[in-house]
Every structure is written in structure tokens, then in C-alpha cells.
$ cat input.tsv   # TSV, N, CA and C atoms
chain	number	residue	atom	x	y	z
E	48	MET	N	0.84	-1.17	0.00
E	48	MET	CA	0.00	0.00	0.00
E	48	MET	C	0.89	1.24	0.00
E	49	SER	N	0.54	2.23	-0.80
E	49	SER	CA	1.31	3.46	-0.82
E	49	SER	C	0.83	4.40	0.29
E	50	ILE	N	1.63	5.39	0.56
E	50	ILE	CA	1.30	6.35	1.61
E	50	ILE	C	0.24	7.32	1.08
E	51	PRO	N	-0.92	7.40	1.75
E	51	PRO	CA	-1.96	8.34	1.31
E	51	PRO	C	-1.47	9.79	1.38
E	52	SER	N	-2.03	10.64	0.55
E	52	SER	CA	-1.56	12.03	0.46
E	52	SER	C	-1.74	12.78	1.78
E	53	GLU	N	-2.79	12.44	2.54
E	53	GLU	CA	-3.01	13.11	3.83
E	53	GLU	C	-1.85	12.81	4.79
E	54	ILE	N	-1.45	11.55	4.78
E	54	ILE	CA	-0.34	11.12	5.65
E	54	ILE	C	0.96	11.76	5.17
E	55	ALA	N	1.18	11.74	3.86
E	55	ALA	CA	2.39	12.34	3.30
E	55	ALA	C	2.46	13.83	3.63
E	56	GLY	N	1.32	14.51	3.59
E	56	GLY	CA	1.27	15.93	3.94
E	56	GLY	C	1.63	16.17	5.40
E	57	LEU	N	1.11	15.32	6.29
E	57	LEU	CA	1.44	15.44	7.71
E	57	LEU	C	2.93	15.19	7.95
E	58	ILE	N	3.47	14.20	7.27
E	58	ILE	CA	4.89	13.88	7.41
E	58	ILE	C	5.75	15.05	6.92
E	59	GLU	N	5.37	15.63	5.80
E	59	GLU	CA	6.11	16.76	5.27
E	59	GLU	C	6.06	17.95	6.24
E	60	ARG	N	4.88	18.21	6.79
E	60	ARG	CA	4.74	19.31	7.76
E	60	ARG	C	5.59	19.04	9.00
E	61	LEU	N	5.56	17.80	9.49
E	61	LEU	CA	6.37	17.46	10.65
E	61	LEU	C	7.85	17.68	10.38
E	62	ASN	N	8.31	17.25	9.22
E	62	ASN	CA	9.72	17.43	8.88
E	62	ASN	C	10.10	18.91	8.79
E	63	GLN	N	9.20	19.74	8.28
E	63	GLN	CA	9.46	21.17	8.25
E	63	GLN	C	9.57	21.73	9.67
E	64	GLU	N	8.66	21.29	10.53
E	64	GLU	CA	8.69	21.76	11.92
E	64	GLU	C	9.94	21.26	12.64
E	65	PHE	N	10.35	20.02	12.39
E	65	PHE	CA	11.59	19.50	12.98
E	65	PHE	C	12.78	20.36	12.54
E	66	ASN	N	12.82	20.70	11.27
E	66	ASN	CA	13.91	21.55	10.75
E	66	ASN	C	13.93	22.90	11.46
E	67	GLU	N	12.75	23.48	11.67
E	67	GLU	CA	12.66	24.77	12.34
E	67	GLU	C	13.12	24.67	13.79
E	68	ILE	N	12.69	23.61	14.48
E	68	ILE	CA	13.12	23.39	15.87
E	68	ILE	C	14.64	23.27	15.91
E	69	GLU	N	15.20	22.48	15.02
E	69	GLU	CA	16.64	22.27	15.00
E	69	GLU	C	17.39	23.58	14.73
E	70	ARG	N	16.88	24.37	13.82
E	70	ARG	CA	17.52	25.65	13.47
E	70	ARG	C	17.48	26.60	14.67
E	71	GLU	N	16.29	26.77	15.26
E	71	GLU	CA	16.13	27.67	16.40
E	71	GLU	C	16.94	27.19	17.61
E	72	ALA	N	16.91	25.91	17.87
E	72	ALA	CA	17.64	25.36	19.03
E	72	ALA	C	19.14	25.52	18.83
E	73	THR	N	19.62	25.30	17.63
E	73	THR	CA	21.05	25.46	17.34
E	73	THR	C	21.48	26.92	17.54
E	74	ASP	N	20.65	27.85	17.08
E	74	ASP	CA	20.94	29.27	17.32
E	74	ASP	C	20.95	29.56	18.82
E	75	GLY	N	19.98	28.99	19.53
E	75	GLY	CA	19.91	29.18	20.97
E	75	GLY	C	21.11	28.60	21.70
E	76	LEU	N	21.58	27.45	21.23
E	76	LEU	CA	22.77	26.84	21.84
E	76	LEU	C	23.99	27.74	21.68
E	77	ALA	N	24.10	28.37	20.52
E	77	ALA	CA	25.23	29.29	20.30
E	77	ALA	C	25.14	30.48	21.26
E	78	LEU	N	23.95	31.01	21.44
E	78	LEU	CA	23.77	32.11	22.39
E	78	LEU	C	24.10	31.67	23.81
E	79	THR	N	23.66	30.48	24.16
E	79	THR	CA	23.90	29.96	25.51
E	79	THR	C	25.39	29.77	25.75
E	80	THR	N	26.07	29.26	24.77
E	80	THR	CA	27.52	29.06	24.89
E	80	THR	C	28.23	30.39	25.15
E	81	THR	N	27.81	31.41	24.44
E	81	THR	CA	28.41	32.73	24.63
E	81	THR	C	28.17	33.24	26.06
E	82	ILE	N	26.96	33.08	26.53
E	82	ILE	CA	26.63	33.52	27.89
E	82	ILE	C	27.42	32.73	28.92
E	83	LEU	N	27.49	31.41	28.72
E	83	LEU	CA	28.19	30.57	29.69
E	83	LEU	C	29.70	30.79	29.68
E	84	GLU	N	30.24	31.26	28.57
E	84	GLU	CA	31.67	31.60	28.54
E	84	GLU	C	31.95	32.80	29.44
E	85	ARG	N	31.02	33.72	29.48
E	85	ARG	CA	31.18	34.91	30.32
E	85	ARG	C	30.77	34.65	31.77
E	86	PHE	N	29.72	33.84	31.94
E	86	PHE	CA	29.18	33.57	33.27
E	86	PHE	C	28.97	32.06	33.42
E	87	PRO	N	30.03	31.31	33.70
E	87	PRO	CA	29.96	29.84	33.69
E	87	PRO	C	28.99	29.24	34.70
E	88	ASN	N	28.66	29.94	35.74
E	88	ASN	CA	27.76	29.40	36.75
E	88	ASN	C	26.35	29.99	36.67
E	89	ASN	N	25.99	30.54	35.54
E	89	ASN	CA	24.68	31.14	35.37
E	89	ASN	C	23.63	30.03	35.30
E	90	PHE	N	22.88	29.90	36.38
E	90	PHE	CA	21.91	28.81	36.49
E	90	PHE	C	20.83	28.89	35.42
E	91	THR	N	20.37	30.09	35.13
E	91	THR	CA	19.33	30.27	34.11
E	91	THR	C	19.84	29.82	32.74
E	92	ALA	N	21.05	30.21	32.41
E	92	ALA	CA	21.62	29.80	31.12
E	92	ALA	C	21.78	28.29	31.05
E	93	LEU	N	22.16	27.68	32.16
E	93	LEU	CA	22.29	26.22	32.19
E	93	LEU	C	20.93	25.54	31.99
E	94	GLN	N	19.89	26.09	32.60
E	94	GLN	CA	18.54	25.54	32.42
E	94	GLN	C	18.09	25.67	30.97
E	95	LEU	N	18.35	26.82	30.38
E	95	LEU	CA	17.96	27.04	28.99
E	95	LEU	C	18.74	26.12	28.06
E	96	LEU	N	20.01	25.92	28.37
E	96	LEU	CA	20.83	24.98	27.60
E	96	LEU	C	20.22	23.58	27.64
E	97	ALA	N	19.84	23.14	28.82
E	97	ALA	CA	19.23	21.81	28.97
E	97	ALA	C	17.92	21.73	28.20
E	98	SER	N	17.14	22.79	28.24
E	98	SER	CA	15.86	22.80	27.52
E	98	SER	C	16.07	22.69	26.02
E	99	LEU	N	17.06	23.41	25.51
E	99	LEU	CA	17.35	23.35	24.07
E	99	LEU	C	17.86	21.97	23.66
E	100	LYS	N	18.71	21.40	24.48
E	100	LYS	CA	19.22	20.06	24.16
E	100	LYS	C	18.10	19.03	24.21
E	101	THR	N	17.19	19.18	25.14
E	101	THR	CA	16.04	18.29	25.22
E	101	THR	C	15.17	18.42	23.96
E	102	ALA	N	14.97	19.65	23.51
E	102	ALA	CA	14.18	19.89	22.31
E	102	ALA	C	14.84	19.24	21.08
E	103	LEU	N	16.15	19.36	21.00
E	103	LEU	CA	16.87	18.72	19.88
E	103	LEU	C	16.73	17.20	19.93
E	104	PHE	N	16.84	16.65	21.12
E	104	PHE	CA	16.68	15.20	21.28
E	104	PHE	C	15.27	14.77	20.89
E	105	PHE	N	14.27	15.53	21.34
E	105	PHE	CA	12.88	15.25	21.00
E	105	PHE	C	12.67	15.26	19.49
E	106	ALA	N	13.20	16.29	18.82
E	106	ALA	CA	13.04	16.40	17.37
E	106	ALA	C	13.68	15.23	16.65
E	107	GLU	N	14.87	14.87	17.07
E	107	GLU	CA	15.58	13.75	16.43
E	107	GLU	C	14.84	12.43	16.67
E	108	ALA	N	14.45	12.18	17.90
E	108	ALA	CA	13.75	10.92	18.21
E	108	ALA	C	12.42	10.84	17.49
E	109	SER	N	11.70	11.94	17.44
E	109	SER	CA	10.41	11.96	16.76
E	109	SER	C	10.58	11.76	15.26
E	110	ARG	N	11.58	12.41	14.69
E	110	ARG	CA	11.83	12.25	13.25
E	110	ARG	C	12.18	10.80	12.92
E	111	ASN	N	12.91	10.16	13.82
E	111	ASN	CA	13.32	8.77	13.58
E	111	ASN	C	12.15	7.79	13.66
E	112	ARG	N	11.05	8.18	14.27
E	112	ARG	CA	9.87	7.31	14.35
E	112	ARG	C	9.07	7.28	13.05
E	113	ILE	N	9.19	8.31	12.26
E	113	ILE	CA	8.38	8.43	11.04
E	113	ILE	C	8.61	7.29	10.05
E	114	PRO	N	9.86	6.90	9.75
E	114	PRO	CA	10.04	5.79	8.80
E	114	PRO	C	9.36	4.49	9.25
E	115	ASN	N	9.33	4.24	10.56
E	115	ASN	CA	8.65	3.04	11.05
E	115	ASN	C	7.15	3.12	10.78
E	116	LEU	N	6.59	4.28	10.97
E	116	LEU	CA	5.17	4.48	10.70
E	116	LEU	C	4.88	4.31	9.22
E	117	GLN	N	5.75	4.85	8.38
E	117	GLN	CA	5.58	4.70	6.93
E	117	GLN	C	5.66	3.22	6.54
E	118	GLU	N	6.57	2.52	7.16
E	118	GLU	CA	6.70	1.09	6.86
E	118	GLU	C	5.47	0.32	7.29
E	119	ASP	N	4.93	0.65	8.46
E	119	ASP	CA	3.71	-0.01	8.93
E	119	ASP	C	2.57	0.18	7.94
E	120	ILE	N	2.44	1.40	7.41
E	120	ILE	CA	1.38	1.67	6.44
E	120	ILE	C	1.63	0.90	5.16
E	121	SER	N	2.87	0.88	4.70
E	121	SER	CA	3.21	0.19	3.45
E	121	SER	C	2.97	-1.31	3.54
E	122	LEU	N	3.23	-1.89	4.70
E	122	LEU	CA	3.09	-3.33	4.86
E	122	LEU	C	1.65	-3.76	5.14
E	123	SER	N	0.84	-2.83	5.56
E	123	SER	CA	-0.53	-3.16	5.94
E	123	SER	C	-1.41	-3.37	4.71
E	124	GLU	N	-2.10	-4.49	4.69
E	124	GLU	CA	-3.03	-4.77	3.60
E	124	GLU	C	-4.40	-5.17	4.14
E	125	VAL	N	-4.42	-5.86	5.25
E	125	VAL	CA	-5.67	-6.39	5.78
E	125	VAL	C	-6.57	-5.28	6.31
E	126	THR	N	-6.04	-4.45	7.16
E	126	THR	CA	-6.84	-3.38	7.75
E	126	THR	C	-6.28	-2.03	7.36
E	127	ALA	N	-6.18	-1.81	6.06
E	127	ALA	CA	-5.54	-0.60	5.56
E	127	ALA	C	-6.19	0.67	6.09
E	128	LYS	N	-7.51	0.73	6.09
E	128	LYS	CA	-8.19	1.94	6.55
E	128	LYS	C	-7.90	2.20	8.02
E	129	GLU	N	-7.93	1.14	8.81
E	129	GLU	CA	-7.67	1.29	10.24
E	129	GLU	C	-6.22	1.71	10.48
E	130	THR	N	-5.29	1.13	9.75
E	130	THR	CA	-3.88	1.48	9.90
E	130	THR	C	-3.64	2.94	9.52
E	131	VAL	N	-4.24	3.38	8.43
E	131	VAL	CA	-4.09	4.76	7.98
E	131	VAL	C	-4.71	5.71	9.02
E	132	LYS	N	-5.86	5.35	9.55
E	132	LYS	CA	-6.52	6.17	10.56
E	132	LYS	C	-5.63	6.30	11.80
E	133	GLU	N	-5.09	5.18	12.26
E	133	GLU	CA	-4.21	5.20	13.43
E	133	GLU	C	-2.95	6.04	13.15
E	134	ALA	N	-2.41	5.89	11.95
E	134	ALA	CA	-1.22	6.65	11.58
E	134	ALA	C	-1.52	8.15	11.56
E	135	ALA	N	-2.66	8.50	10.99
E	135	ALA	CA	-3.04	9.91	10.93
E	135	ALA	C	-3.23	10.49	12.33
E	136	GLU	N	-3.87	9.72	13.19
E	136	GLU	CA	-4.07	10.19	14.57
E	136	GLU	C	-2.73	10.34	15.29
E	137	SER	N	-1.85	9.38	15.10
E	137	SER	CA	-0.53	9.43	15.72
E	137	SER	C	0.26	10.64	15.23
E	138	LEU	N	0.23	10.87	13.93
E	138	LEU	CA	0.96	12.00	13.35
E	138	LEU	C	0.36	13.33	13.79
E	139	ALA	N	-0.96	13.41	13.88
E	139	ALA	CA	-1.60	14.64	14.32
E	139	ALA	C	-1.24	14.95	15.77
E	140	THR	N	-1.23	13.92	16.60
E	140	THR	CA	-0.83	14.10	17.99
E	140	THR	C	0.62	14.54	18.07
E	141	GLN	N	1.45	13.93	17.24
E	141	GLN	CA	2.87	14.28	17.20
E	141	GLN	C	3.05	15.73	16.76
E	142	LEU	N	2.24	16.16	15.80
E	142	LEU	CA	2.34	17.54	15.32
E	142	LEU	C	2.03	18.52	16.44
E	143	VAL	N	1.05	18.22	17.26
E	143	VAL	CA	0.74	19.09	18.40
E	143	VAL	C	1.94	19.20	19.33
E	144	ARG	N	2.55	18.07	19.64
E	144	ARG	CA	3.75	18.08	20.51
E	144	ARG	C	4.88	18.87	19.87
E	145	VAL	N	5.05	18.69	18.58
E	145	VAL	CA	6.13	19.38	17.87
E	145	VAL	C	5.88	20.89	17.89
E	146	LEU	N	4.65	21.32	17.66
E	146	LEU	CA	4.35	22.74	17.68
E	146	LEU	C	4.55	23.33	19.07
E	147	GLU	N	4.21	22.58	20.10
E	147	GLU	CA	4.46	23.03	21.47
E	147	GLU	C	5.96	23.17	21.72
E	148	THR	N	6.73	22.21	21.25
E	148	THR	CA	8.18	22.26	21.42
E	148	THR	C	8.76	23.44	20.65
E	149	LYS	N	8.26	23.66	19.46
E	149	LYS	CA	8.74	24.78	18.64
E	149	LYS	C	8.48	26.10	19.36
E	150	THR	N	7.32	26.25	19.95
E	150	THR	CA	6.98	27.46	20.70
E	150	THR	C	7.91	27.63	21.90
E	151	GLU	N	8.18	26.54	22.58
E	151	GLU	CA	9.08	26.58	23.73
E	151	GLU	C	10.49	26.99	23.31
E	152	VAL	N	10.97	26.41	22.23
E	152	VAL	CA	12.32	26.73	21.74
E	152	VAL	C	12.41	28.20	21.34
E	153	SER	N	11.39	28.71	20.69
E	153	SER	CA	11.38	30.13	20.32
E	153	SER	C	11.41	31.02	21.55
E	154	GLY	N	10.66	30.62	22.57
E	154	GLY	CA	10.67	31.38	23.82
E	154	GLY	C	12.03	31.36	24.49
E	155	VAL	N	12.66	30.21	24.51
E	155	VAL	CA	13.99	30.10	25.10
E	155	VAL	C	14.98	30.96	24.33
E	156	LYS	N	14.92	30.89	23.03
E	156	LYS	CA	15.84	31.69	22.21
E	156	LYS	C	15.62	33.18	22.47
E	157	ASN	N	14.37	33.61	22.58
E	157	ASN	CA	14.09	35.02	22.86
E	157	ASN	C	14.66	35.43	24.22
E	158	ARG	N	14.51	34.56	25.22
E	158	ARG	CA	15.07	34.86	26.54
E	158	ARG	C	16.58	35.00	26.46
E	159	LEU	N	17.21	34.12	25.70
E	159	LEU	CA	18.67	34.17	25.56
E	159	LEU	C	19.12	35.44	24.85
E	160	GLU	N	18.36	35.86	23.86
E	160	GLU	CA	18.72	37.09	23.14
E	160	GLU	C	18.63	38.29	24.07
E	161	LYS	N	17.68	38.27	25.00
E	161	LYS	CA	17.55	39.37	25.96
E	161	LYS	C	18.69	39.37	26.97
E	162	LEU	N	19.27	38.21	27.23
E	162	LEU	CA	20.39	38.12	28.17
E	162	LEU	C	21.70	38.62	27.57
E	163	GLN	N	21.73	38.76	26.26
E	163	GLN	CA	22.97	39.19	25.58
E	163	GLN	C	23.37	40.58	25.97
$ encode --input "input.tsv" --output "C-alpha cells"
Amino acid sequence: MSIPSEIAGLIERLNQEFNEIEREATDGLALTTTILERFPNNFTALQLLASLKTALFFAEASRNRIPNLQEDISLSEVTAKETVKEAAESLATQLVRVLETKTEVSGVKNRLEKLQ
């Protein structure tokens, strides 16, 4: 079974959001590094650093789950509609988490820019 266009669209959107999270978090890490070089014991900067690293880990782990989901859909023949429905629900839920993470990363980056 091929990947339905609705699922492919969700996957494409997720990948775009993962890219944005990675870009923002990487920028934030650079800012954090600069702050920590000047103030190595800055607890707030350390917390923000941990938050950004967690966001990067989340994005990577979530992105790595997508090929398994695509494979499940491709291999499914008996209950194709049910598999596609479950995949769509899973991806939609994942998109909500990704958007929340993206918002958090943007907030962290903004806080770091203000600390500069």
C-alpha cells in the first residue's frame, strides 16, 4: 500500500517543523555558549541549555519514528483503513507536541537574546 496524500502531507509538515526546531535550538545553543563563557555558573543559562538540548533530542527521536510508521502503512493490507486512521491520529498528535516544542524553543531563544 502506498502512503496516502493526507499522511504524506502530515509527514512533510512534521519534517518542516523539525527543521525549524533544530535551526532555532542550534541558534539558541550558540547564544547559551556565549553567555556561559562569560558567566559559567549562570543557572538560568544552564537551564535554557538543557531545555534546548532536550528539544533537539525530541526532534531527532520523533523524526526517527516516522520511517517506522511509513513502513507499517506500506506493509498493511488487511486493515488498511484502520492502519491509515491510526497513523493519521498518531501523526496529528505528534504535530501538536512538535508545535508546542517549537513554541518553547522560540521562547527560550528570545530569553537568551535578551540576556545578551
$ residues_around --input "input.tsv" --residues "E:Asp74" --least-positions-apart "5" --cutoff "12 Å" --atoms "only C-alpha atoms" --output "list in words"
Glu67, Ile68, Glu69, Thr79, Thr80, Thr81, Leu96, Leu99, Lys100, Leu103, Val152, Ser153, Val155, Lys156, Asn157, Leu159 and Glu160 of chain E
$ atom_distance --input "input.tsv" --atom1 "atom CA of E:Ile54" --atom2 "atom CA of E:Val131"
7.7 Å
$ closest_residue --input "input.tsv" --among "E:Ala72, E:Ile58, E:Leu83, E:Ala135" --to "E:Thr148" --atoms "only C-alpha atoms"
E:Ala72
$ residues_around --input "input.tsv" --residues "E:Ser109" --least-positions-apart "2" --cutoff "12 Å" --atoms "only C-alpha atoms" --output "number ranges by chain"
E: 58, 61-62, 64-66, 68, 101-107, 111-116, 137-138, 140-142, 144-145, 148
$ atom_distance --input "input.tsv" --atom1 "atom CA of E:Lys161" --atom2 "atom CA of E:Ile82"
11.0 Å
$ closest_residue --input "input.tsv" --among "E:Ala139, E:Arg85, E:Leu122, E:Lys128" --to "E:Leu57" --atoms "all atoms listed in the file"
E:Ala139
$ atom_distance --input "input.tsv" --atom1 "atom CA of E:Arg70" --atom2 "atom C of E:Pro87"
24.4 Å
$ build_atoms --input "input.tsv" --residues "stretch 93-104 of chain E" --atoms "all heavy atoms" --output "mmCIF file, in the coordinates of the input"
data_model
loop_
_atom_site.group_PDB
_atom_site.id
_atom_site.type_symbol
_atom_site.label_atom_id
_atom_site.label_comp_id
_atom_site.auth_asym_id
_atom_site.auth_seq_id
_atom_site.Cartn_x
_atom_site.Cartn_y
_atom_site.Cartn_z
ATOM 1 N N LEU E 93 22.160 27.680 32.160
ATOM 2 C CA LEU E 93 22.290 26.220 32.190
ATOM 3 C C LEU E 93 20.930 25.540 31.990
ATOM 4 O O LEU E 93 20.820 24.536 31.280
ATOM 5 C CB LEU E 93 22.924 25.760 33.502
ATOM 6 C CG LEU E 93 24.407 26.105 33.662
ATOM 7 C CD1 LEU E 93 24.864 25.807 35.094
ATOM 8 C CD2 LEU E 93 25.249 25.340 32.661
ATOM 9 N N GLN E 94 19.890 26.090 32.600
ATOM 10 C CA GLN E 94 18.540 25.540 32.420
ATOM 11 C C GLN E 94 18.090 25.670 30.970
ATOM 12 O O GLN E 94 17.510 24.738 30.406
ATOM 13 C CB GLN E 94 17.540 26.269 33.320
ATOM 14 C CG GLN E 94 17.596 25.888 34.767
ATOM 15 C CD GLN E 94 16.564 26.648 35.571
ATOM 16 O OE1 GLN E 94 16.419 27.866 35.432
ATOM 17 N NE2 GLN E 94 15.835 25.917 36.395
ATOM 18 N N LEU E 95 18.350 26.820 30.380
ATOM 19 C CA LEU E 95 17.960 27.040 28.990
ATOM 20 C C LEU E 95 18.740 26.120 28.060
ATOM 21 O O LEU E 95 18.197 25.614 27.076
ATOM 22 C CB LEU E 95 18.131 28.509 28.617
ATOM 23 C CG LEU E 95 17.252 29.487 29.417
ATOM 24 C CD1 LEU E 95 17.586 30.929 29.049
ATOM 25 C CD2 LEU E 95 15.788 29.194 29.218
ATOM 26 N N LEU E 96 20.010 25.920 28.370
ATOM 27 C CA LEU E 96 20.830 24.980 27.600
ATOM 28 C C LEU E 96 20.220 23.580 27.640
ATOM 29 O O LEU E 96 20.085 22.920 26.599
ATOM 30 C CB LEU E 96 22.256 24.965 28.143
ATOM 31 C CG LEU E 96 23.222 23.964 27.506
ATOM 32 C CD1 LEU E 96 23.616 24.425 26.116
ATOM 33 C CD2 LEU E 96 24.454 23.793 28.378
ATOM 34 N N ALA E 97 19.840 23.140 28.820
ATOM 35 C CA ALA E 97 19.230 21.810 28.970
ATOM 36 C C ALA E 97 17.920 21.730 28.200
ATOM 37 O O ALA E 97 17.629 20.721 27.550
ATOM 38 C CB ALA E 97 19.002 21.505 30.442
ATOM 39 N N SER E 98 17.140 22.790 28.240
ATOM 40 C CA SER E 98 15.860 22.800 27.520
ATOM 41 C C SER E 98 16.070 22.690 26.020
ATOM 42 O O SER E 98 15.370 21.940 25.327
ATOM 43 C CB SER E 98 15.117 24.098 27.851
ATOM 44 O OG SER E 98 13.902 24.168 27.163
ATOM 45 N N LEU E 99 17.060 23.410 25.510
ATOM 46 C CA LEU E 99 17.350 23.350 24.070
ATOM 47 C C LEU E 99 17.860 21.970 23.660
ATOM 48 O O LEU E 99 17.470 21.445 22.611
ATOM 49 C CB LEU E 99 18.355 24.435 23.695
ATOM 50 C CG LEU E 99 17.842 25.867 23.797
ATOM 51 C CD1 LEU E 99 18.986 26.856 23.660
ATOM 52 C CD2 LEU E 99 16.761 26.127 22.762
ATOM 53 N N LYS E 100 18.710 21.400 24.480
ATOM 54 C CA LYS E 100 19.220 20.060 24.160
ATOM 55 C C LYS E 100 18.100 19.030 24.210
ATOM 56 O O LYS E 100 18.066 18.107 23.378
ATOM 57 C CB LYS E 100 20.358 19.681 25.110
ATOM 58 C CG LYS E 100 21.636 20.421 24.802
ATOM 59 C CD LYS E 100 22.792 19.932 25.640
ATOM 60 C CE LYS E 100 24.076 20.615 25.220
ATOM 61 N NZ LYS E 100 25.243 20.041 25.873
ATOM 62 N N THR E 101 17.190 19.180 25.140
ATOM 63 C CA THR E 101 16.040 18.290 25.220
ATOM 64 C C THR E 101 15.170 18.420 23.960
ATOM 65 O O THR E 101 14.695 17.425 23.414
ATOM 66 C CB THR E 101 15.208 18.571 26.480
ATOM 67 O OG1 THR E 101 16.037 18.367 27.625
ATOM 68 C CG2 THR E 101 13.982 17.686 26.565
ATOM 69 N N ALA E 102 14.970 19.650 23.510
ATOM 70 C CA ALA E 102 14.180 19.890 22.310
ATOM 71 C C ALA E 102 14.840 19.240 21.080
ATOM 72 O O ALA E 102 14.155 18.647 20.239
ATOM 73 C CB ALA E 102 13.987 21.380 22.082
ATOM 74 N N LEU E 103 16.150 19.360 21.000
ATOM 75 C CA LEU E 103 16.870 18.720 19.880
ATOM 76 C C LEU E 103 16.730 17.200 19.930
ATOM 77 O O LEU E 103 16.525 16.555 18.894
ATOM 78 C CB LEU E 103 18.345 19.123 19.887
ATOM 79 C CG LEU E 103 18.653 20.531 19.401
ATOM 80 C CD1 LEU E 103 20.108 20.884 19.677
ATOM 81 C CD2 LEU E 103 18.348 20.653 17.915
ATOM 82 N N PHE E 104 16.840 16.650 21.120
ATOM 83 C CA PHE E 104 16.680 15.200 21.280
ATOM 84 C C PHE E 104 15.270 14.770 20.890
ATOM 85 O O PHE E 104 15.077 13.790 20.174
ATOM 86 C CB PHE E 104 16.979 14.783 22.727
ATOM 87 C CG PHE E 104 16.748 13.324 22.975
ATOM 88 C CD1 PHE E 104 17.655 12.376 22.531
ATOM 89 C CD2 PHE E 104 15.610 12.892 23.635
ATOM 90 C CE1 PHE E 104 17.434 11.021 22.739
ATOM 91 C CE2 PHE E 104 15.381 11.545 23.849
ATOM 92 C CZ PHE E 104 16.292 10.606 23.403
#
